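Dumped run-v2.cif below, it's mmCIF, C-alpha atoms and all ligand atoms:
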data_start
loop_
_atom_site.label_atom_id
_atom_site.label_comp_id
_atom_site.auth_asym_id
_atom_site.auth_seq_id
_atom_site.Cartn_x
_atom_site.Cartn_y
_atom_site.Cartn_z
CA MET C 26 -59.27 -69.29 -64.54
CA SER C 27 -59.11 -65.96 -62.77
CA ARG C 28 -55.92 -65.04 -60.99
CA ARG C 29 -56.44 -64.58 -57.26
CA VAL C 30 -55.27 -61.28 -55.75
CA ALA C 31 -54.66 -60.60 -52.06
CA ILE C 32 -54.46 -56.90 -51.22
CA LEU C 33 -52.52 -55.74 -48.16
CA ILE C 34 -53.46 -52.41 -46.60
CA SER C 35 -52.71 -50.32 -43.52
CA GLY C 36 -55.21 -47.47 -43.71
CA GLY C 37 -58.00 -45.96 -45.74
CA GLY C 38 -57.62 -48.36 -48.60
CA SER C 39 -58.43 -46.06 -51.49
CA ASN C 40 -55.97 -47.91 -53.74
CA MET C 41 -57.42 -51.23 -52.55
CA LEU C 42 -60.89 -49.99 -53.57
CA ALA C 43 -59.65 -48.90 -56.99
CA LEU C 44 -58.08 -52.33 -57.50
CA ALA C 45 -61.06 -54.26 -56.17
CA ARG C 46 -63.56 -52.30 -58.27
CA SER C 47 -61.46 -52.84 -61.39
CA MET C 48 -61.54 -56.64 -61.07
CA THR C 49 -64.86 -57.32 -62.78
CA GLY C 50 -66.05 -58.45 -66.20
CA ASP C 51 -63.28 -59.73 -68.46
CA HIS C 52 -60.53 -58.73 -66.00
CA PRO C 53 -58.12 -61.65 -65.60
CA ALA C 54 -58.12 -61.43 -61.78
CA ARG C 55 -60.41 -61.30 -58.78
CA PRO C 56 -59.77 -60.19 -55.18
CA CYS C 57 -59.51 -63.12 -52.74
CA LEU C 58 -58.51 -61.32 -49.52
CA VAL C 59 -57.90 -57.88 -48.03
CA LEU C 60 -55.44 -58.19 -45.16
CA SER C 61 -54.31 -55.42 -42.81
CA ASN C 62 -51.71 -54.98 -40.09
CA ASP C 63 -54.21 -52.68 -38.34
CA PRO C 64 -57.54 -54.14 -37.19
CA GLU C 65 -58.95 -50.59 -37.24
CA ALA C 66 -57.92 -49.85 -40.83
CA ALA C 67 -60.87 -48.14 -42.51
CA GLY C 68 -60.23 -50.11 -45.68
CA LEU C 69 -61.29 -53.37 -44.03
CA ALA C 70 -64.92 -52.32 -43.75
CA LYS C 71 -64.87 -50.97 -47.31
CA ALA C 72 -63.60 -54.33 -48.57
CA ALA C 73 -66.15 -56.25 -46.53
CA ALA C 74 -68.89 -54.05 -48.00
CA LEU C 75 -67.78 -55.24 -51.44
CA GLY C 76 -68.05 -58.84 -50.27
CA ILE C 77 -64.28 -59.45 -50.16
CA PRO C 78 -62.98 -61.66 -47.33
CA THR C 79 -60.95 -59.63 -44.84
CA ALA C 80 -58.48 -60.35 -42.05
CA ALA C 81 -56.20 -58.35 -39.77
CA VAL C 82 -53.05 -59.16 -37.83
CA ASP C 83 -52.11 -56.33 -35.48
CA HIS C 84 -48.35 -55.84 -35.82
CA ARG C 85 -47.99 -54.01 -32.50
CA PRO C 86 -47.90 -57.00 -30.10
CA PHE C 87 -44.95 -58.34 -32.10
CA LYS C 88 -42.87 -55.35 -30.95
CA GLY C 89 -40.73 -55.09 -34.05
CA ASP C 90 -40.23 -58.84 -34.54
CA ARG C 91 -40.97 -58.74 -38.26
CA ALA C 92 -40.52 -62.48 -38.82
CA ALA C 93 -43.01 -63.34 -36.08
CA PHE C 94 -45.52 -60.83 -37.46
CA GLU C 95 -45.15 -62.29 -40.93
CA ALA C 96 -45.53 -65.83 -39.57
CA ALA C 97 -48.93 -64.69 -38.28
CA LEU C 98 -49.84 -63.20 -41.67
CA LEU C 99 -48.98 -66.38 -43.57
CA PRO C 100 -51.90 -68.62 -42.54
CA HIS C 101 -54.31 -65.96 -43.85
CA LEU C 102 -52.47 -65.78 -47.15
CA GLU C 103 -52.13 -69.55 -47.45
CA ALA C 104 -55.85 -69.97 -46.88
CA ALA C 105 -56.63 -67.38 -49.56
CA ARG C 106 -54.20 -68.98 -52.10
CA PRO C 107 -53.33 -65.75 -53.92
CA ASP C 108 -51.50 -65.83 -57.25
CA ILE C 109 -50.64 -62.15 -56.83
CA ILE C 110 -50.15 -59.99 -53.74
CA ALA C 111 -50.80 -56.26 -54.15
CA LEU C 112 -49.43 -54.00 -51.43
CA ALA C 113 -51.73 -50.96 -51.39
CA GLY C 114 -50.68 -48.49 -48.74
CA PHE C 115 -49.24 -51.33 -46.64
CA MET C 116 -46.86 -49.51 -44.31
CA ARG C 117 -44.79 -52.39 -42.87
CA VAL C 118 -41.34 -53.27 -44.20
CA LEU C 119 -41.22 -56.96 -45.17
CA THR C 120 -38.31 -59.31 -44.51
CA PRO C 121 -36.32 -60.80 -47.40
CA ASP C 122 -37.66 -64.27 -46.47
CA PHE C 123 -41.25 -63.11 -46.79
CA VAL C 124 -40.53 -61.34 -50.07
CA ALA C 125 -38.74 -64.45 -51.42
CA ARG C 126 -41.79 -66.57 -50.71
CA PHE C 127 -43.79 -64.47 -53.17
CA GLU C 128 -40.93 -63.63 -55.53
CA GLY C 129 -42.06 -62.04 -58.77
CA ARG C 130 -45.73 -61.96 -57.81
CA MET C 131 -45.88 -59.20 -55.20
CA LEU C 132 -46.54 -55.63 -56.37
CA ASN C 133 -46.40 -52.32 -54.52
CA ILE C 134 -47.52 -48.78 -55.25
CA HIS C 135 -45.23 -46.00 -54.11
CA PRO C 136 -46.03 -42.27 -54.21
CA SER C 137 -42.95 -41.06 -56.09
CA LEU C 138 -41.32 -41.40 -59.47
CA LEU C 139 -38.93 -44.17 -58.46
CA PRO C 140 -35.96 -44.40 -58.22
CA LYS C 141 -36.52 -40.95 -56.67
CA TYR C 142 -37.61 -40.87 -53.02
CA PRO C 143 -37.94 -44.42 -51.76
CA GLY C 144 -39.26 -44.55 -48.18
CA LEU C 145 -41.45 -41.97 -46.48
CA ASP C 146 -42.35 -38.27 -46.93
CA THR C 147 -42.06 -38.49 -50.70
CA HIS C 148 -44.13 -35.40 -51.47
CA ALA C 149 -42.31 -33.15 -49.01
CA ARG C 150 -39.01 -34.34 -50.45
CA ALA C 151 -40.13 -33.65 -54.04
CA LEU C 152 -41.20 -30.13 -53.04
CA ALA C 153 -37.99 -29.47 -51.10
CA ALA C 154 -35.97 -30.53 -54.14
CA GLY C 155 -37.88 -28.06 -56.34
CA ASP C 156 -39.05 -30.82 -58.70
CA ALA C 157 -41.27 -29.71 -61.58
CA GLU C 158 -43.14 -33.01 -61.59
CA ALA C 159 -44.05 -35.78 -59.21
CA GLY C 160 -46.00 -38.98 -59.46
CA CYS C 161 -46.30 -42.60 -58.47
CA SER C 162 -44.82 -45.94 -59.41
CA VAL C 163 -45.94 -49.54 -59.31
CA HIS C 164 -43.08 -51.99 -58.94
CA VAL C 165 -42.35 -55.62 -58.27
CA VAL C 166 -41.39 -56.04 -54.61
CA THR C 167 -37.81 -57.15 -54.02
CA PRO C 168 -35.92 -57.34 -50.71
CA ASP C 169 -34.59 -53.77 -51.05
CA LEU C 170 -37.23 -51.18 -50.10
CA ASP C 171 -39.03 -49.58 -53.07
CA SER C 172 -36.35 -50.79 -55.48
CA GLY C 173 -37.84 -53.56 -57.62
CA PRO C 174 -38.50 -53.40 -61.37
CA VAL C 175 -40.94 -50.62 -62.22
CA LEU C 176 -44.10 -51.80 -64.05
CA GLY C 177 -45.73 -48.42 -64.43
CA GLN C 178 -45.55 -44.74 -63.58
CA ALA C 179 -47.96 -41.81 -63.66
CA ARG C 180 -46.64 -38.26 -63.69
CA VAL C 181 -48.32 -35.08 -62.43
CA PRO C 182 -47.11 -31.48 -62.47
CA VAL C 183 -45.98 -29.77 -59.28
CA LEU C 184 -47.98 -26.52 -59.15
CA PRO C 185 -47.08 -23.17 -57.58
CA GLY C 186 -48.15 -23.09 -53.93
CA ASP C 187 -48.29 -26.88 -53.62
CA THR C 188 -48.07 -28.34 -50.15
CA PRO C 189 -47.25 -31.99 -49.44
CA GLU C 190 -50.98 -32.49 -48.91
CA SER C 191 -52.11 -30.88 -52.17
CA LEU C 192 -49.46 -32.76 -54.11
CA ALA C 193 -50.37 -36.03 -52.38
CA ALA C 194 -54.02 -35.57 -53.36
CA ARG C 195 -53.07 -34.96 -57.03
CA VAL C 196 -50.80 -38.02 -57.05
CA LEU C 197 -53.36 -40.23 -55.27
CA LYS C 198 -55.89 -39.63 -58.06
CA GLN C 199 -53.35 -40.97 -60.50
CA GLU C 200 -52.53 -43.92 -58.22
CA HIS C 201 -56.15 -44.99 -58.60
CA VAL C 202 -55.73 -45.05 -62.39
CA LEU C 203 -52.22 -46.47 -62.55
CA TYR C 204 -52.47 -49.40 -60.14
CA PRO C 205 -55.54 -51.00 -61.75
CA ALA C 206 -53.97 -50.54 -65.20
CA VAL C 207 -50.75 -52.26 -64.10
CA LEU C 208 -52.56 -55.04 -62.26
CA ARG C 209 -54.70 -55.84 -65.28
CA ARG C 210 -51.62 -56.17 -67.48
CA PHE C 211 -49.62 -58.06 -64.87
CA ALA C 212 -52.43 -60.55 -64.22
CA ALA C 213 -52.55 -61.22 -67.95
CA GLY C 214 -48.81 -61.96 -67.94
CA ASP C 215 -47.89 -58.69 -69.67
CA ARG C 216 -45.01 -56.84 -68.00
CA ARG C 217 -44.71 -53.96 -70.43
CA PRO C 218 -44.64 -50.75 -68.37
CA VAL C 219 -47.75 -48.57 -68.14
CA LEU C 220 -46.80 -44.91 -68.58
CA LEU C 221 -49.41 -42.24 -67.78
CA ALA C 222 -49.28 -38.46 -67.71
CA GLY C 223 -51.85 -36.71 -65.52
C1 LIG T 301 -50.88 -44.15 -51.02
O1 LIG T 301 -50.54 -42.86 -51.40
C2 LIG T 301 -49.74 -45.11 -51.31
O2 LIG T 301 -49.02 -44.80 -52.47
C3 LIG T 301 -48.87 -44.89 -50.09
O3 LIG T 301 -49.78 -44.80 -49.02
C4 LIG T 301 -51.02 -44.26 -49.50
C5 LIG T 301 -52.12 -45.20 -49.09
O4 LIG T 301 -53.38 -44.68 -49.37
N1 LIG T 301 -47.96 -45.97 -49.93
C6 LIG T 301 -46.74 -45.82 -49.41
O5 LIG T 301 -46.31 -44.76 -49.00
C7 LIG T 301 -45.94 -47.11 -49.34
N2 LIG T 301 -44.63 -46.84 -48.87
P1 LIG T 301 -54.66 -45.63 -49.45
O6 LIG T 301 -54.71 -46.43 -48.15
O7 LIG T 301 -55.80 -44.68 -49.55
O8 LIG T 301 -54.52 -46.50 -50.65
#
Can the structure from this file be put into structure tokens for me?
Ligand code: GAR
Amino acid sequence: MSRRVAILISGGGSNMLALARSMTGDHPARPCLVLSNDPEAAGLAKAAALGIPTAAVDHRPFKGDRAAFEAALLPHLEAARPDIIALAGFMRVLTPDFVARFEGRMLNIHPSLLPKYPGLDTHARALAAGDAEAGCSVHVVTPDLDSGPVLGQARVPVLPGDTPESLAARVLKQEHVLYPAVLRRFAAGDRRPVLLAG
């Protein structure tokens, strides 16, 4: 039986698309829902075009009440019965209670070589530090932000003249390779890390 994957997004959803497109053929999982905190997220229409059920819960009316926002997300997730939740550019911090509910089966992609640069502005921080390489990580979500066990990383060089935007574009290409590779392994019950060099 295929594992069911719910993908949570906030924006363009390019990682969601890479994941969704990878789940065909002998892949052990299939997408069951794409859920966004932004009803205008461009990724929702892209998911719908692939025939994936979509839903949105606007976080703004909750005015920072994370628990109430998550309580509104839950019925969508319960109806979709996911085995795995993949955060893919989902830009809301989740409460420990929400994370505990899906302990060990929620993944996230983060645009840095964790444990470096949890949080925001990862590419600008890598450039400011003079790093020779950058990259992305897929990790299991735990209550501490961007701190769970790393299941895979892809590395890219930092090139002369890089801006946060040029570096982000180079890393994003690798995100689209790394996340599907990790999800495929994870859905098959294999937690050996995926290590890629771009
Ligand atoms: C990606 O670069 C992802 O790693 C990042 O947001 C972007 C979403 O792009 N996620 C985070 O920064 C999470 N803290 P996408 O919507 O095109 O997948």
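If all atoms listed in the file are the atoms counted, then among C:Arg216, C:Arg29, C:Arg85, C:Lys71 the closest residue to Asp108 in chain C is C:Arg29.
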Chain C near ligand LIG 301 (chain T) within 9 Å: what's each residue's closest atom pair and its distance in Å to one decimal, counting all atoms listed in the file, ordered by chain then ascending residue number, as a tab-separated table?
residue	atom	partner	partner_atom	distance
C:Ile34	CA	T:LIG301	O6	6.3
C:Ser35	CA	T:LIG301	O6	6.4
C:Gly36	CA	T:LIG301	O6	4.6
C:Gly37	CA	T:LIG301	O6	4.1
C:Gly38	CA	T:LIG301	O6	3.5
C:Ser39	CA	T:LIG301	O7	3.5
C:Asn40	CA	T:LIG301	O8	3.7
C:Met41	CA	T:LIG301	O8	5.9
C:Leu42	CA	T:LIG301	O8	7.8
C:Ala43	CA	T:LIG301	O8	8.5
C:Ala66	CA	T:LIG301	O6	8.7
C:Ala67	CA	T:LIG301	O6	8.5
C:Gly68	CA	T:LIG301	O6	7.1
C:Leu112	CA	T:LIG301	C7	8.0
C:Ala113	CA	T:LIG301	O8	5.3
C:Gly114	CA	T:LIG301	C5	3.6
C:Phe115	CA	T:LIG301	C7	6.0
C:Met116	CA	T:LIG301	C7	5.6
C:Arg117	CA	T:LIG301	N2	8.2
C:Val118	CA	T:LIG301	N2	8.6
C:Asn133	CA	T:LIG301	C7	7.4
C:Ile134	CA	T:LIG301	O2	5.1
C:His135	CA	T:LIG301	O2	4.3
C:Pro136	CA	T:LIG301	O2	4.3
C:Ser137	CA	T:LIG301	O2	8.0
C:Pro143	CA	T:LIG301	N2	7.7
C:Gly144	CA	T:LIG301	N2	5.9
C:Leu145	CA	T:LIG301	O5	6.1
C:Asp146	CA	T:LIG301	O5	7.9
C:Thr147	CA	T:LIG301	O5	7.8
C:Cys161	CA	T:LIG301	O2	6.9
C:Ser162	CA	T:LIG301	O2	8.2
C:Val163	CA	T:LIG301	O2	8.9
C:Leu170	CA	T:LIG301	N2	8.7
C:Asp171	CA	T:LIG301	N2	7.5
C:Ala193	CA	T:LIG301	O1	6.9
C:Ala194	CA	T:LIG301	O1	8.3
C:Val196	CA	T:LIG301	O1	7.4
C:Leu197	CA	T:LIG301	O1	5.5
C:Glu200	CA	T:LIG301	O2	6.8
C:His201	CA	T:LIG301	O8	8.3
Distance cut-off 8 Å, centre (-45.0, -35.5, -62.0) in file coordinates, counting only C-alpha atoms: which residues qualify? Return them as a VMD selection string.
chain C and resid 138 157 to 160 179 to 183 222 to 223
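CA of Glu190 in chain C sits 24.9 Å away from CA of Val207 in chain C.
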Protein/DNA/RNA residues near (-36.3, -59.2, -46.7), cut 10 Å, all atoms listed in the file, as an MDAnalysis selection string:
chainID C and resid 91:92 118:125 166:170
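When all atoms listed in the file are used to compute distances to Val82 in chain C, the closest of the residues C:Val219, C:Gln199, C:Leu33, C:Cys57 turns out to be C:Leu33.
Among the candidates C:Ala151, C:Leu139, C:Leu69, C:Ala96, the one nearest to Arg126 in chain C when counting only C-alpha atoms is C:Ala96.
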Skip Pro86 in chain C itself and residues of its chain fewer than 6 positions away, then list as a PDB file with C-alpha atoms, in the coordinates of the input all residues within 12 Å of it, counting all atoms listed in the file.
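Output file out-v3.pdb is given in full below:
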ATOM      1  CA  ASN C  62     -51.710 -54.980 -40.090  1.00  0.00           C
ATOM      2  CA  ASP C  63     -54.210 -52.680 -38.340  1.00  0.00           C
ATOM      3  CA  ALA C  93     -43.010 -63.340 -36.080  1.00  0.00           C
ATOM      4  CA  PHE C  94     -45.520 -60.830 -37.460  1.00  0.00           C
ATOM      5  CA  ALA C  97     -48.930 -64.690 -38.280  1.00  0.00           C
TER       6      ALA C  97
END
Which polymer residues have any atom within 12 Å of an atom of Arg217 in chain C, counting all atoms listed in the file, with same-chain residues fewer than 2 positions away left out, as a list in words?
His164, Pro174, Val175, Leu176, Gly177, Gln178, Ala206, Val207, Leu208, Arg209, Arg210, Phe211, Ala212, Ala213, Gly214, Asp215, Val219 and Leu220 of chain C
Output C-alpha atoms for every residue in the selection just made, as a PDB file, keeping the file's coordinate frame.
ATOM      1  CA  HIS C 164     -43.080 -51.990 -58.940  1.00  0.00           C
ATOM      2  CA  PRO C 174     -38.500 -53.400 -61.370  1.00  0.00           C
ATOM      3  CA  VAL C 175     -40.940 -50.620 -62.220  1.00  0.00           C
ATOM      4  CA  LEU C 176     -44.100 -51.800 -64.050  1.00  0.00           C
ATOM      5  CA  GLY C 177     -45.730 -48.420 -64.430  1.00  0.00           C
ATOM      6  CA  GLN C 178     -45.550 -44.740 -63.580  1.00  0.00           C
ATOM      7  CA  ALA C 206     -53.970 -50.540 -65.200  1.00  0.00           C
ATOM      8  CA  VAL C 207     -50.750 -52.260 -64.100  1.00  0.00           C
ATOM      9  CA  LEU C 208     -52.560 -55.040 -62.260  1.00  0.00           C
ATOM     10  CA  ARG C 209     -54.700 -55.840 -65.280  1.00  0.00           C
ATOM     11  CA  ARG C 210     -51.620 -56.170 -67.480  1.00  0.00           C
ATOM     12  CA  PHE C 211     -49.620 -58.060 -64.870  1.00  0.00           C
ATOM     13  CA  ALA C 212     -52.430 -60.550 -64.220  1.00  0.00           C
ATOM     14  CA  ALA C 213     -52.550 -61.220 -67.950  1.00  0.00           C
ATOM     15  CA  GLY C 214     -48.810 -61.960 -67.940  1.00  0.00           C
ATOM     16  CA  ASP C 215     -47.890 -58.690 -69.670  1.00  0.00           C
ATOM     17  CA  VAL C 219     -47.750 -48.570 -68.140  1.00  0.00           C
ATOM     18  CA  LEU C 220     -46.800 -44.910 -68.580  1.00  0.00           C
TER      19      LEU C 220
END
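Put simply, CA of Ala73 in chain C is 20.2 Å away from CA of Ser27 in chain C.
CA of Leu221 in chain C lies 22.0 Å from CA of Ala149 in chain C.
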Fewer than 6 positions away in the same chain doesn't count, so skip those; otherwise give me all residues within 9 Å of Val30 in chain C, counting all atoms listed in the file, as a ChimeraX atom specification.
/C:54-59,105-111,212
Axis-aligned box for all listed atoms of range 79-96 of chain C, 4 Å per side, centre and edges in Å to one decimal, as JSON:
{"center_x": -50.6, "center_y": -59.9, "center_z": -37.5, "size_x": 28.7, "size_y": 19.8, "size_z": 22.7}
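Using only C-alpha atoms, the nearest neighbour of Pro185 in chain C within the list C:Phe87, C:Ala31, C:Pro218, C:Gly155 is C:Gly155.
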